[in-house]
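A short worksheet on the structure shown next.
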Amino acid sequence: MNKFLAGTAIILSLAMINGRSMAQKTDFKATTYELFVGGKVNQWGSIIKKMEKDPNCQSDISKIELLGYYYGYIGHLLDIKDKDAASVMIEKADALLDYLEPKYPDNTLIMAYSANITGYKIAVSPIKATVLAKGMMSDTKKAISKSPNDATVNILTANIFFYMPDFIGGNTEKALKQYHKALDMFEEDESLRHNNWMYLQLLVTTGMVEEKLKHYETAKALYQRVLKLYPNYVHIRDNRYPNLIKKMNQ
């Protein structure tokens, strides 16, 4: 084989290897989204483990993305009352925050995630609320004051206001205002909605807040929007929506 053909063969071999590598690269954003929409958030644990070990996911941008999956998965674990598994994930999120926060002290998304992880710690152990609340609320207020027009920051800070009790700083009306602001941002920018599980969660949570405030027609409209976009989303289809209709008919 002459030098030209040998060189061409090497280039083609490298291209094939690189092509296979690219084909095998996991789109974690799309995967977590599909599992969330399919009501299979319980499978996020294995996806998170893959992402933690994936050599393509070691950049700081990927680590912030991973932090978002920790946030979402811990919320699921607490919903199903698995505090032990939630505690393990909280420790992992804490370790990641210990790495990210010193490097990016002014990053409001990291601040907002940190506040939510602290909120989860309080949910696991309410006795720690008086110790942890001050730092959590400080991160929350700082994040939203610096990034009032960031959709994700609005969601995360609204979570604190909605889920925390009043004596800590909870404020349902303030939470609702921020949830709706985030919804408006998602509606205006299609790229925000693409493969983003937080959009579906936002629709559901906003509906829950409206329902809690007895704004039943508004809650109904939000749940209907969910069912139009995601007709097989079991949590709304088989639970919240029919229960709301029963409540409205009483």
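Note on naming: chains are A, B, ... as they come in the structure tokens, residues start from 1 per chain, ligands start from 1 in the order shown.
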
Using only C-alpha atoms, tabulate the residues of region 15-127 of chain A lying at most 12 Å from any atom of region 177-200 of chain A, each with its closest atom pair and that distance in Å to one decimal, by chain and increasing residue number, as a Markdown table.
| residue | atom | partner | partner_atom | distance |
| --- | --- | --- | --- | --- |
| A:Asp27 | CA | A:Asn195 | CA | 10.1 |
| A:Phe28 | CA | A:Asn195 | CA | 9.7 |
| A:Lys29 | CA | A:Asn195 | CA | 6.3 |
| A:Ala30 | CA | A:Asn195 | CA | 5.3 |
| A:Thr31 | CA | A:Asn195 | CA | 8.5 |
| A:Thr32 | CA | A:Trp197 | CA | 7.3 |
| A:Tyr33 | CA | A:Trp197 | CA | 4.8 |
| A:Glu34 | CA | A:Asn195 | CA | 7.7 |
| A:Leu35 | CA | A:Trp197 | CA | 9.0 |
| A:Phe36 | CA | A:Trp197 | CA | 6.3 |
| A:Val37 | CA | A:Trp197 | CA | 7.2 |
| A:Gly38 | CA | A:Trp197 | CA | 10.7 |
| A:Gly39 | CA | A:Trp197 | CA | 11.0 |
| A:Lys40 | CA | A:Trp197 | CA | 11.9 |
| A:Val41 | CA | A:Trp197 | CA | 10.4 |
| A:Glu65 | CA | A:Asn196 | CA | 11.4 |
| A:Gly68 | CA | A:Met198 | CA | 9.6 |
| A:Tyr69 | CA | A:Trp197 | CA | 9.9 |
| A:Tyr71 | CA | A:Met198 | CA | 10.8 |
| A:Gly72 | CA | A:Met198 | CA | 8.6 |
| A:Tyr73 | CA | A:Trp197 | CA | 11.5 |

Keeping only C-alpha atoms, take the residues you just selected and write them out as a PDB file, in the first residue's frame.
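Writing the result to again.pdb gives the following:
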ATOM      1  CA  ASP A  27     -28.322  13.271  25.151  1.00  0.00           C
ATOM      2  CA  PHE A  28     -29.136  13.445  28.851  1.00  0.00           C
ATOM      3  CA  LYS A  29     -31.455  16.406  28.450  1.00  0.00           C
ATOM      4  CA  ALA A  30     -33.645  14.530  25.960  1.00  0.00           C
ATOM      5  CA  THR A  31     -33.501  11.292  27.974  1.00  0.00           C
ATOM      6  CA  THR A  32     -34.513  12.856  31.288  1.00  0.00           C
ATOM      7  CA  TYR A  33     -37.268  14.795  29.529  1.00  0.00           C
ATOM      8  CA  GLU A  34     -38.733  11.672  27.914  1.00  0.00           C
ATOM      9  CA  LEU A  35     -38.658   9.803  31.223  1.00  0.00           C
ATOM     10  CA  PHE A  36     -40.306  12.707  33.041  1.00  0.00           C
ATOM     11  CA  VAL A  37     -43.092  13.014  30.476  1.00  0.00           C
ATOM     12  CA  GLY A  38     -43.551   9.241  30.561  1.00  0.00           C
ATOM     13  CA  GLY A  39     -43.957   9.250  34.332  1.00  0.00           C
ATOM     14  CA  LYS A  40     -40.707   7.334  34.797  1.00  0.00           C
ATOM     15  CA  VAL A  41     -38.714   9.727  36.960  1.00  0.00           C
ATOM     16  CA  GLU A  65     -26.897  20.495  34.208  1.00  0.00           C
ATOM     17  CA  GLY A  68     -30.543  20.301  37.873  1.00  0.00           C
ATOM     18  CA  TYR A  69     -31.150  16.558  37.631  1.00  0.00           C
ATOM     19  CA  TYR A  71     -32.761  18.804  42.126  1.00  0.00           C
ATOM     20  CA  GLY A  72     -35.494  17.120  40.089  1.00  0.00           C
ATOM     21  CA  TYR A  73     -34.767  13.601  41.289  1.00  0.00           C
TER      22      TYR A  73
END

- request: Apply DSSP to the structure's backbone, then extract all residues of region 148-217 of chain A labelled helix (DSSP H, G or I) and return them as a PyMOL selection string.
  value: chain A and resi 151-163+172-188+190-193+197-212+216-217

message: Between A:Thr108, A:Ser46, A:Thr218, A:Gln250, which residue has the minimum interatomic distance to Ser147 (chain A), considering only C-alpha atoms?
response: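 Going through A:Thr108, A:Ser46, A:Thr218, A:Gln250 one by one, the smallest distance to Ser147 (chain A) is for A:Thr108.
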
- request: Fewer than 3 positions away in the same chain doesn't count, so skip those; otherwise give me all residues within 8 Å of Ser114 (chain A), counting only C-alpha atoms, as a PyMOL selection string.
  value: chain A and resi 97+110-111+117-118+136+139

field: Å distance separating CA of Tyr223 (chain A) from CA of Ile80 (chain A), one decimal place
entry: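 For CA of Tyr223 (chain A) relative to CA of Ile80 (chain A), the distance reads 21.5 Å.
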
- prompt: What gap, in Å, lies between CA of Leu67 (chain A) and CA of Met89 (chain A)?
  reply: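 CA of Met89 (chain A) lies at a distance of 10.2 Å from CA of Leu67 (chain A).
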
All residues 8 Å or closer to Leu244 (chain A), only C-alpha atoms, same chain fewer than 3 positions away omitted, as a compact mmCIF listing (two decimals) with N, CA, C and O atoms, in the first residue's frame:
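Saved as out38.txt:
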# COMPACT_ATOMS: atom_id res chain seq x y z
N GLU A 211 -55.00 25.89 42.34
CA GLU A 211 -56.00 25.04 43.00
C GLU A 211 -56.00 25.27 44.51
O GLU A 211 -57.07 25.35 45.14
N TYR A 216 -60.17 27.66 40.80
CA TYR A 216 -60.38 26.38 40.15
C TYR A 216 -60.42 26.46 38.63
O TYR A 216 -59.91 25.57 37.93
N LYS A 220 -57.94 24.48 36.26
CA LYS A 220 -58.49 23.59 35.24
C LYS A 220 -57.87 23.87 33.88
O LYS A 220 -57.49 22.95 33.14
N ARG A 240 -54.82 14.51 39.36
CA ARG A 240 -55.14 15.89 39.71
C ARG A 240 -56.35 16.44 38.93
O ARG A 240 -57.21 17.11 39.50
N TYR A 241 -56.40 16.17 37.63
CA TYR A 241 -57.50 16.74 36.84
C TYR A 241 -58.87 16.17 37.24
O TYR A 241 -59.79 16.94 37.53
N LYS A 247 -64.07 18.18 42.69
CA LYS A 247 -64.11 19.28 43.66
C LYS A 247 -65.01 20.43 43.15
O LYS A 247 -65.77 21.01 43.91
N MET A 248 -64.88 20.71 41.88
CA MET A 248 -65.67 21.81 41.28
C MET A 248 -67.15 21.47 41.21
O MET A 248 -68.00 22.36 41.22
